[in-house]
Amino acid sequence: MFAGVGYPAASVLLGLFLLVIVIRRRYLSPIADIPGPFFASFSVLWQLWAIVKGDIQLRSIELHRKHGHFVRIGHEEVSVCHPDAVRKILLTPLRKADWYKVMALPDHRFQTPMSEVDPKRRVERAKNVAAGYALSHIIKSEPFIDSAISLLCNRLAELGQSKQPVEFDKWFNYMAFDVIGEVTFSRAFGFLESGRDVGGSIANTRVLTLYVTLAGFFLNLHNWTMGNPILSKLGLMPQQHIFDTTLGAIQTRQKNPDVRNDMLSLWMQQLKEYPDRFKEQDMYGVVNATVGAGADTISATLQAFVYYMLRSPGCISRLRKEIDAAGTESGKPVSYAIARQLPYLQACLKETWRFHTPVAFGLARIVPEQGLTIGDRYFKSGTKLSVNQWVIHRSTELFGADADTFNPDRWLGEKGQAIEQYYIPFGAGYNSCPGRNLANLEVSKAAATLVRDFDVRQVDPKQNWQYEAHFTAVPYGWPCYIKRREFTTEQTL
Ligand code: HEM
């Protein structure tokens, strides 16, 4: 290695070099006084480990309960849980952390609003595609979303009849992928129809999400290896799979005579009208992001909804009464026009999103040149500050002493309005989720229809399902028996 020095001496030099880095980061950093896990004081090891374990959100909550408003979760990152956190970090257009750059998939040529870290440029990029996510546009796909929900119900009923336990993790993912296919390309991917993970997409998406979450910490390495355009062409990367799926769907769509005014049609129109600011690669990037972000978030939400309903018998009977009284058309999925007007249903969904936010990872922003003060703490320019949705949503300071209790009633009346400012399942500010209209529509309809039409019982009612977060690689199954609505036991939905 070092000519004439020899391996032992080189190892000593390397060891000393690392020691200096550790000491500088741990003791001489401007955030050295902020408490947190030991490994976080000089590296990103704590974050990596917590992400792989899949419980970063729970660990972060614990750390904030122990240390207060600020926790050092990386050598240059502070997690913030403070009444001003949402306003000062997310609602202020601060530059996003470089981690987001990894969201150009499959490689850096495919930039998206998510991968753009500069607030102004991000907003410009988002303008190109905003019309596709608007509720006025999404609502036109409602009949096709209905087909997917009906097919899901039929599949669940079949499983119920044959007395086979249902894995909601699987079936809600199938539905969500098919819905995204309908809304984006005028065609379901065929998950519900075939009753299987077509082409291993769901398994691949899980690997991809975990990979991306970790790779964002090692951008240079990622750009040279998995995110390298030459390597990505070989199709070996986890991100290649989703790209192939969307590319295939776009090509199939071109041959589909029944193609509708779907998201893609709006984006293709943008390509023609604004070729200087919206290019084909940008469009592919956005399609990838939409397919990648719009399925397991929905699946995790619906699973959480069913799970917390099973554990809240009072809620379920009240919800059923509300839906039954709404005069929905039986045999058809509940319309969004009705579902969105049901106050208790909407309160249950809000509480589900508060209690079990699909994204478990902190949203990180960079302190601007002039610095930033939160509470009595000043942060220097360049510090990474992140807001973890789970931490905020479970804060007793922000949501009250019962923050750890699933209680939809907190959203009704004036007290519901007061906590609205801390409710951030879709993020907040210029980088918030563009898919929230579709999410609200799809989840409201599916949840109302399931409650109206099915009884559900966990195979093992004592089995706890702790978390299913956006990036978890391991599905946490909790099988249930399901039946078209007739029977009731103590623990049914
Ligand atoms: C349960 C439902 C969902 C939740 C809780 C959720 C939440 C989020 C969050 C927290 C972000 C990142 C915000 C940030 O980093 O600051 C995000 C981004 C994103 N979401 Fe969602 N999402 C959901 C459903 C959807 C759906 C259905 C779609 C597709 C239509 C979608 C498309 C996207 C896209 C494309 C981005 C990248 C954002 C960008 O333009 O920068 N999401 N989502």
# chains A, B, ... in the order shown; residues from 1 in each chain; ligands from 1
>>> closest_atom_pairs(of="chain A", to="ligand 1", cutoff="8 Å", atoms="only C-alpha atoms and all ligand atoms", output="Markdown table")
| residue | atom | partner | partner_atom_place_in_ligand_line | distance |
| --- | --- | --- | --- | --- |
| A:Leu90 | CA | ligand 1 | 16 (O) | 7.4 |
| A:Tyr100 | CA | ligand 1 | 15 (O) | 7.8 |
| A:Thr112 | CA | ligand 1 | 40 (O) | 6.8 |
| A:Pro113 | CA | ligand 1 | 41 (O) | 4.2 |
| A:Met114 | CA | ligand 1 | 41 (O) | 3.1 |
| A:Ser115 | CA | ligand 1 | 41 (O) | 6.9 |
| A:Glu116 | CA | ligand 1 | 41 (O) | 7.6 |
| A:Arg122 | CA | ligand 1 | 41 (O) | 7.2 |
| A:Ala126 | CA | ligand 1 | 40 (O) | 6.0 |
| A:Tyr133 | CA | ligand 1 | 30 (C) | 6.5 |
| A:Ile180 | CA | ligand 1 | 30 (C) | 6.8 |
| A:Val286 | CA | ligand 1 | 35 (C) | 6.4 |
| A:Val287 | CA | ligand 1 | 35 (C) | 7.8 |
| A:Ala289 | CA | ligand 1 | 35 (C) | 4.7 |
| A:Thr290 | CA | ligand 1 | 35 (C) | 4.3 |
| A:Val291 | CA | ligand 1 | 29 (C) | 6.5 |
| A:Gly292 | CA | ligand 1 | 32 (C) | 7.7 |
| A:Ala293 | CA | ligand 1 | 31 (C) | 4.7 |
| A:Gly294 | CA | ligand 1 | 26 (C) | 3.5 |
| A:Ala295 | CA | ligand 1 | 27 (C) | 6.3 |
| A:Asp296 | CA | ligand 1 | 1 (C) | 8.0 |
| A:Thr297 | CA | ligand 1 | 1 (C) | 4.4 |
| A:Ile298 | CA | ligand 1 | 1 (C) | 4.4 |
| A:Ser299 | CA | ligand 1 | 1 (C) | 7.6 |
| A:Ala300 | CA | ligand 1 | 1 (C) | 7.2 |
| A:Thr301 | CA | ligand 1 | 1 (C) | 5.4 |
| A:Trp353 | CA | ligand 1 | 5 (C) | 6.9 |
| A:Thr357 | CA | ligand 1 | 5 (C) | 5.9 |
| A:Pro358 | CA | ligand 1 | 5 (C) | 5.3 |
| A:Val359 | CA | ligand 1 | 10 (C) | 5.7 |
| A:Leu363 | CA | ligand 1 | 15 (O) | 5.3 |
| A:Ala364 | CA | ligand 1 | 15 (O) | 7.6 |
| A:Gln389 | CA | ligand 1 | 10 (C) | 7.9 |
| A:Ile424 | CA | ligand 1 | 10 (C) | 7.5 |
| A:Pro425 | CA | ligand 1 | 5 (C) | 4.8 |
| A:Phe426 | CA | ligand 1 | 7 (C) | 3.9 |
| A:Gly427 | CA | ligand 1 | 10 (C) | 4.3 |
| A:Ala428 | CA | ligand 1 | 16 (O) | 6.5 |
| A:Gly429 | CA | ligand 1 | 16 (O) | 7.8 |
| A:Tyr430 | CA | ligand 1 | 16 (O) | 7.9 |
| A:Asn431 | CA | ligand 1 | 16 (O) | 4.7 |
| A:Ser432 | CA | ligand 1 | 13 (C) | 4.6 |
| A:Cys433 | CA | ligand 1 | 17 (C) | 3.9 |
| A:Pro434 | CA | ligand 1 | 33 (C) | 5.3 |
| A:Gly435 | CA | ligand 1 | 28 (C) | 3.5 |
| A:Arg436 | CA | ligand 1 | 24 (C) | 5.6 |
| A:Asn437 | CA | ligand 1 | 27 (C) | 7.6 |
| A:Leu438 | CA | ligand 1 | 27 (C) | 5.2 |
| A:Ala439 | CA | ligand 1 | 27 (C) | 4.5 |
| A:Asn440 | CA | ligand 1 | 2 (C) | 7.5 |
| A:Val443 | CA | ligand 1 | 1 (C) | 7.7 |
>>> write_last_selection(atoms="N, CA and C atoms", output="compact mmCIF listing (two decimals), in the first residue's frame")
# COMPACT_ATOMS: atom_id res chain seq x y z
N LEU A 90 -40.25 22.76 7.88
CA LEU A 90 -40.91 22.26 6.67
C LEU A 90 -41.67 23.35 5.91
N TYR A 100 -31.90 13.43 -0.67
CA TYR A 100 -32.99 13.39 -1.66
C TYR A 100 -32.49 13.16 -3.08
N THR A 112 -36.36 14.38 -10.66
CA THR A 112 -37.79 14.58 -10.34
C THR A 112 -37.89 15.71 -9.31
N PRO A 113 -39.11 16.17 -9.03
CA PRO A 113 -39.24 17.17 -7.96
C PRO A 113 -38.67 16.64 -6.64
N MET A 114 -38.79 15.35 -6.42
CA MET A 114 -38.30 14.76 -5.16
C MET A 114 -36.76 14.80 -5.10
N SER A 115 -36.10 14.58 -6.24
CA SER A 115 -34.62 14.54 -6.22
C SER A 115 -34.02 15.94 -6.26
N GLU A 116 -34.83 16.95 -6.57
CA GLU A 116 -34.34 18.32 -6.65
C GLU A 116 -34.29 18.93 -5.23
N ARG A 122 -37.27 22.99 -7.31
CA ARG A 122 -38.21 21.90 -7.01
C ARG A 122 -39.63 22.35 -7.38
N ALA A 126 -42.15 20.76 -10.14
CA ALA A 126 -43.46 20.22 -9.73
C ALA A 126 -44.58 20.82 -10.57
N TYR A 133 -51.96 15.37 -10.65
CA TYR A 133 -52.30 14.95 -9.28
C TYR A 133 -53.52 15.67 -8.72
N ILE A 180 -52.88 2.59 -9.10
CA ILE A 180 -51.86 3.49 -9.67
C ILE A 180 -51.75 3.24 -11.18
N VAL A 286 -40.78 11.05 -13.17
CA VAL A 286 -41.97 11.33 -12.38
C VAL A 286 -42.90 10.10 -12.35
N VAL A 287 -42.99 9.40 -13.48
CA VAL A 287 -43.83 8.19 -13.51
C VAL A 287 -43.27 7.16 -12.52
N ALA A 289 -41.50 7.75 -9.88
CA ALA A 289 -41.72 8.22 -8.51
C ALA A 289 -43.16 7.96 -8.10
N THR A 290 -44.09 8.18 -9.03
CA THR A 290 -45.51 8.02 -8.71
C THR A 290 -45.82 6.55 -8.42
N VAL A 291 -45.33 5.68 -9.29
CA VAL A 291 -45.60 4.25 -9.07
C VAL A 291 -44.90 3.78 -7.79
N GLY A 292 -43.67 4.27 -7.58
CA GLY A 292 -42.90 3.85 -6.41
C GLY A 292 -43.50 4.35 -5.10
N ALA A 293 -44.08 5.55 -5.14
CA ALA A 293 -44.55 6.16 -3.87
C ALA A 293 -46.02 5.91 -3.60
N GLY A 294 -46.76 5.47 -4.63
CA GLY A 294 -48.21 5.46 -4.48
C GLY A 294 -48.83 4.12 -4.15
N ALA A 295 -48.04 3.11 -3.83
CA ALA A 295 -48.66 1.81 -3.56
C ALA A 295 -48.48 1.36 -2.11
N ASP A 296 -47.22 1.17 -1.67
CA ASP A 296 -47.12 0.60 -0.32
C ASP A 296 -47.49 1.61 0.77
N THR A 297 -47.50 2.91 0.44
CA THR A 297 -48.01 3.91 1.39
C THR A 297 -49.50 3.67 1.64
N ILE A 298 -50.21 3.36 0.56
CA ILE A 298 -51.65 3.11 0.66
C ILE A 298 -51.88 1.79 1.40
N SER A 299 -51.10 0.78 1.02
CA SER A 299 -51.26 -0.52 1.66
C SER A 299 -51.00 -0.42 3.18
N ALA A 300 -49.92 0.28 3.54
CA ALA A 300 -49.61 0.42 4.98
C ALA A 300 -50.74 1.14 5.70
N THR A 301 -51.33 2.15 5.04
CA THR A 301 -52.42 2.91 5.68
C THR A 301 -53.64 2.02 5.90
N TRP A 353 -53.58 7.98 10.17
CA TRP A 353 -52.39 8.62 9.59
C TRP A 353 -51.53 9.30 10.65
N THR A 357 -48.01 6.71 10.57
CA THR A 357 -47.64 7.37 9.31
C THR A 357 -46.81 6.41 8.46
N PRO A 358 -47.15 6.26 7.17
CA PRO A 358 -46.38 5.29 6.37
C PRO A 358 -44.90 5.62 6.23
N VAL A 359 -44.54 6.90 6.16
CA VAL A 359 -43.13 7.25 6.03
C VAL A 359 -42.54 7.39 7.44
N LEU A 363 -37.76 13.90 7.67
CA LEU A 363 -37.65 14.73 6.47
C LEU A 363 -36.58 15.78 6.79
N ALA A 364 -35.47 15.73 6.07
CA ALA A 364 -34.30 16.54 6.46
C ALA A 364 -34.12 17.78 5.58
N GLN A 389 -42.08 12.40 11.21
CA GLN A 389 -43.53 12.50 11.37
C GLN A 389 -44.04 11.69 12.56
N ILE A 424 -48.83 15.99 9.94
CA ILE A 424 -48.01 16.07 8.73
C ILE A 424 -47.76 14.71 8.04
N PRO A 425 -48.78 13.85 7.90
CA PRO A 425 -48.48 12.56 7.27
C PRO A 425 -47.99 12.71 5.84
N PHE A 426 -48.41 13.79 5.17
CA PHE A 426 -47.99 13.99 3.78
C PHE A 426 -46.85 14.99 3.69
N GLY A 427 -46.14 15.20 4.77
CA GLY A 427 -45.11 16.23 4.80
C GLY A 427 -45.81 17.58 4.92
N ALA A 428 -45.05 18.65 4.66
CA ALA A 428 -45.65 19.99 4.72
C ALA A 428 -44.77 20.93 3.90
N GLY A 429 -45.42 21.97 3.37
CA GLY A 429 -44.66 22.98 2.63
C GLY A 429 -44.40 22.59 1.20
N TYR A 430 -43.36 23.21 0.63
CA TYR A 430 -43.14 23.09 -0.82
C TYR A 430 -42.85 21.66 -1.28
N ASN A 431 -42.40 20.81 -0.35
CA ASN A 431 -42.07 19.44 -0.78
C ASN A 431 -43.11 18.41 -0.34
N SER A 432 -44.32 18.88 -0.02
CA SER A 432 -45.28 17.89 0.50
C SER A 432 -45.75 16.95 -0.62
N CYS A 433 -46.37 15.86 -0.19
CA CYS A 433 -46.74 14.77 -1.12
C CYS A 433 -47.76 15.22 -2.17
N PRO A 434 -47.45 15.05 -3.45
CA PRO A 434 -48.41 15.43 -4.48
C PRO A 434 -49.54 14.41 -4.61
N GLY A 435 -49.35 13.22 -4.02
CA GLY A 435 -50.34 12.15 -4.18
C GLY A 435 -51.43 12.14 -3.13
N ARG A 436 -51.48 13.20 -2.28
CA ARG A 436 -52.43 13.12 -1.15
C ARG A 436 -53.89 13.10 -1.60
N ASN A 437 -54.22 13.72 -2.74
CA ASN A 437 -55.61 13.67 -3.22
C ASN A 437 -56.01 12.24 -3.57
N LEU A 438 -55.11 11.59 -4.31
CA LEU A 438 -55.41 10.21 -4.66
C LEU A 438 -55.46 9.36 -3.40
N ALA A 439 -54.52 9.60 -2.49
CA ALA A 439 -54.48 8.82 -1.25
C ALA A 439 -55.78 8.97 -0.47
N ASN A 440 -56.24 10.21 -0.30
CA ASN A 440 -57.47 10.44 0.44
C ASN A 440 -58.65 9.76 -0.21
N VAL A 443 -58.18 5.72 -0.12
CA VAL A 443 -58.27 5.16 1.23
C VAL A 443 -59.68 5.37 1.81
>>> select_by_dssp(residues="segment 57-279 of chain A", states="alpha helix (DSSP H)", output="VMD selection string")
chain A and resid 57 to 67 85 119 to 133 135 to 138 142 to 161 168 to 185 191 to 194 201 to 215 219 to 224 229 to 234 238 to 255 263 to 273
>>> write_last_selection(atoms="C-alpha atoms", output="compact mmCIF listing (two decimals), in the first residue's frame")
# COMPACT_ATOMS: atom_id res chain seq x y z
CA GLN A 57 -39.50 5.80 14.11
CA LEU A 58 -39.95 3.99 17.45
CA ARG A 59 -36.33 4.54 18.48
CA SER A 60 -36.63 8.21 17.56
CA ILE A 61 -39.76 8.62 19.68
CA GLU A 62 -37.98 7.03 22.65
CA LEU A 63 -34.93 9.26 22.21
CA HIS A 64 -37.03 12.43 22.13
CA ARG A 65 -38.92 11.32 25.23
CA LYS A 66 -35.60 10.89 26.97
CA HIS A 67 -33.75 13.96 25.68
CA ALA A 85 -40.50 22.43 14.01
CA PRO A 119 -36.70 24.83 -3.21
CA LYS A 120 -37.19 27.14 -6.22
CA ARG A 121 -36.13 24.57 -8.77
CA ARG A 122 -38.21 21.90 -7.01
CA VAL A 123 -41.32 24.08 -7.27
CA GLU A 124 -40.61 24.74 -10.98
CA ARG A 125 -40.28 21.03 -11.67
CA ALA A 126 -43.46 20.22 -9.73
CA LYS A 127 -45.44 22.72 -11.82
CA ASN A 128 -44.90 20.54 -14.91
CA VAL A 129 -46.75 17.64 -13.39
CA ALA A 130 -49.13 19.20 -10.84
CA ALA A 131 -52.25 18.95 -13.04
CA GLY A 132 -51.98 15.15 -13.08
CA TYR A 133 -52.30 14.95 -9.28
CA LEU A 135 -58.37 16.13 -7.42
CA SER A 136 -60.37 17.45 -10.39
CA HIS A 137 -58.29 15.12 -12.56
CA ILE A 138 -58.01 12.13 -10.22
CA GLU A 142 -63.12 7.00 -9.85
CA PRO A 143 -65.04 4.36 -11.89
CA PHE A 144 -61.75 2.53 -12.50
CA ILE A 145 -60.71 2.81 -8.88
CA ASP A 146 -64.15 1.31 -8.13
CA SER A 147 -63.32 -1.67 -10.37
CA ALA A 148 -60.15 -2.31 -8.37
CA ILE A 149 -61.97 -2.02 -5.02
CA SER A 150 -64.75 -4.35 -6.26
CA LEU A 151 -62.22 -6.88 -7.45
CA LEU A 152 -60.42 -6.69 -4.10
CA CYS A 153 -63.72 -7.31 -2.29
CA ASN A 154 -64.48 -10.30 -4.52
CA ARG A 155 -61.05 -11.78 -3.89
CA LEU A 156 -61.39 -11.28 -0.13
CA ALA A 157 -64.87 -12.83 -0.17
CA GLU A 158 -63.53 -15.87 -2.08
CA LEU A 159 -60.77 -16.32 0.49
CA GLY A 160 -63.35 -15.95 3.23
CA GLN A 161 -65.58 -18.60 1.69
CA PHE A 168 -53.81 -7.73 4.04
CA ASP A 169 -50.23 -6.70 3.39
CA LYS A 170 -50.44 -8.58 0.10
CA TRP A 171 -53.98 -7.73 -0.99
CA PHE A 172 -53.88 -4.03 -0.20
CA ASN A 173 -50.63 -3.76 -2.13
CA TYR A 174 -52.23 -5.53 -5.11
CA MET A 175 -55.11 -3.07 -5.06
CA ALA A 176 -52.90 -0.01 -4.64
CA PHE A 177 -50.63 -1.03 -7.53
CA ASP A 178 -53.63 -1.68 -9.77
CA VAL A 179 -55.12 1.69 -8.87
CA ILE A 180 -51.86 3.49 -9.67
CA GLY A 181 -51.83 1.65 -13.02
CA GLU A 182 -55.37 2.81 -13.80
CA VAL A 183 -54.79 6.40 -12.78
CA THR A 184 -51.43 6.73 -14.50
CA PHE A 185 -51.66 4.51 -17.59
CA PHE A 191 -52.22 -7.95 -9.51
CA LEU A 192 -55.80 -8.44 -8.34
CA GLU A 193 -56.83 -10.27 -11.49
CA SER A 194 -54.01 -12.81 -11.22
CA SER A 201 -42.83 -6.03 -8.38
CA ILE A 202 -43.88 -5.73 -4.76
CA ALA A 203 -40.94 -7.72 -3.47
CA ASN A 204 -38.66 -5.61 -5.67
CA THR A 205 -40.19 -2.35 -4.52
CA ARG A 206 -39.44 -3.32 -0.94
CA VAL A 207 -35.81 -4.03 -1.77
CA LEU A 208 -35.63 -0.82 -3.77
CA THR A 209 -37.07 1.32 -0.99
CA LEU A 210 -34.63 -0.09 1.52
CA TYR A 211 -31.74 0.30 -0.91
CA VAL A 212 -32.64 3.90 -1.76
CA THR A 213 -33.09 4.86 1.88
CA LEU A 214 -29.60 3.60 2.68
CA ALA A 215 -27.90 4.70 -0.55
CA LEU A 219 -24.39 9.39 -2.78
CA ASN A 220 -20.96 9.28 -4.41
CA LEU A 221 -20.72 5.55 -4.01
CA HIS A 222 -24.26 5.18 -5.35
CA ASN A 223 -23.53 7.38 -8.38
CA TRP A 224 -20.44 5.36 -9.23
CA PRO A 229 -26.09 5.04 -16.12
CA ILE A 230 -23.90 2.34 -17.70
CA LEU A 231 -24.56 -0.14 -14.93
CA SER A 232 -28.23 0.80 -14.70
CA LYS A 233 -28.58 -0.14 -18.39
CA LEU A 234 -27.52 -3.69 -17.54
CA PRO A 238 -33.26 -3.06 -7.74
CA GLN A 239 -34.38 0.30 -9.16
CA GLN A 240 -34.24 -1.08 -12.70
CA HIS A 241 -37.23 -3.26 -12.05
CA ILE A 242 -39.65 -0.46 -11.34
CA PHE A 243 -38.27 1.40 -14.33
CA ASP A 244 -38.89 -1.62 -16.59
CA THR A 245 -42.40 -1.96 -15.16
CA THR A 246 -43.27 1.67 -15.89
CA LEU A 247 -41.56 1.63 -19.29
CA GLY A 248 -43.54 -1.52 -20.19
CA ALA A 249 -46.74 0.14 -19.00
CA ILE A 250 -46.03 3.26 -21.06
CA GLN A 251 -45.38 1.13 -24.16
CA THR A 252 -48.53 -0.97 -23.61
CA ARG A 253 -50.48 2.24 -23.15
CA GLN A 254 -49.37 3.49 -26.56
CA LYS A 255 -51.08 0.44 -28.11
CA MET A 263 -51.99 11.26 -15.67
CA LEU A 264 -49.69 10.28 -18.49
CA SER A 265 -51.83 11.99 -21.12
CA LEU A 266 -51.47 15.29 -19.23
CA TRP A 267 -47.74 14.84 -18.84
CA MET A 268 -47.30 13.94 -22.52
CA GLN A 269 -49.14 17.12 -23.38
CA GLN A 270 -46.65 19.03 -21.21
CA LEU A 271 -43.81 17.41 -23.19
CA LYS A 272 -45.25 18.84 -26.39
CA GLU A 273 -46.09 22.26 -25.01
>>> residues_around(residues="segment 317-333 of chain A", least_positions_apart="3", cutoff="12 Å", atoms="only C-alpha atoms", output="PyMOL selection string")
chain A and resi 142-154+309-314+336-349+408-409+441-455+484-485+488+490-493
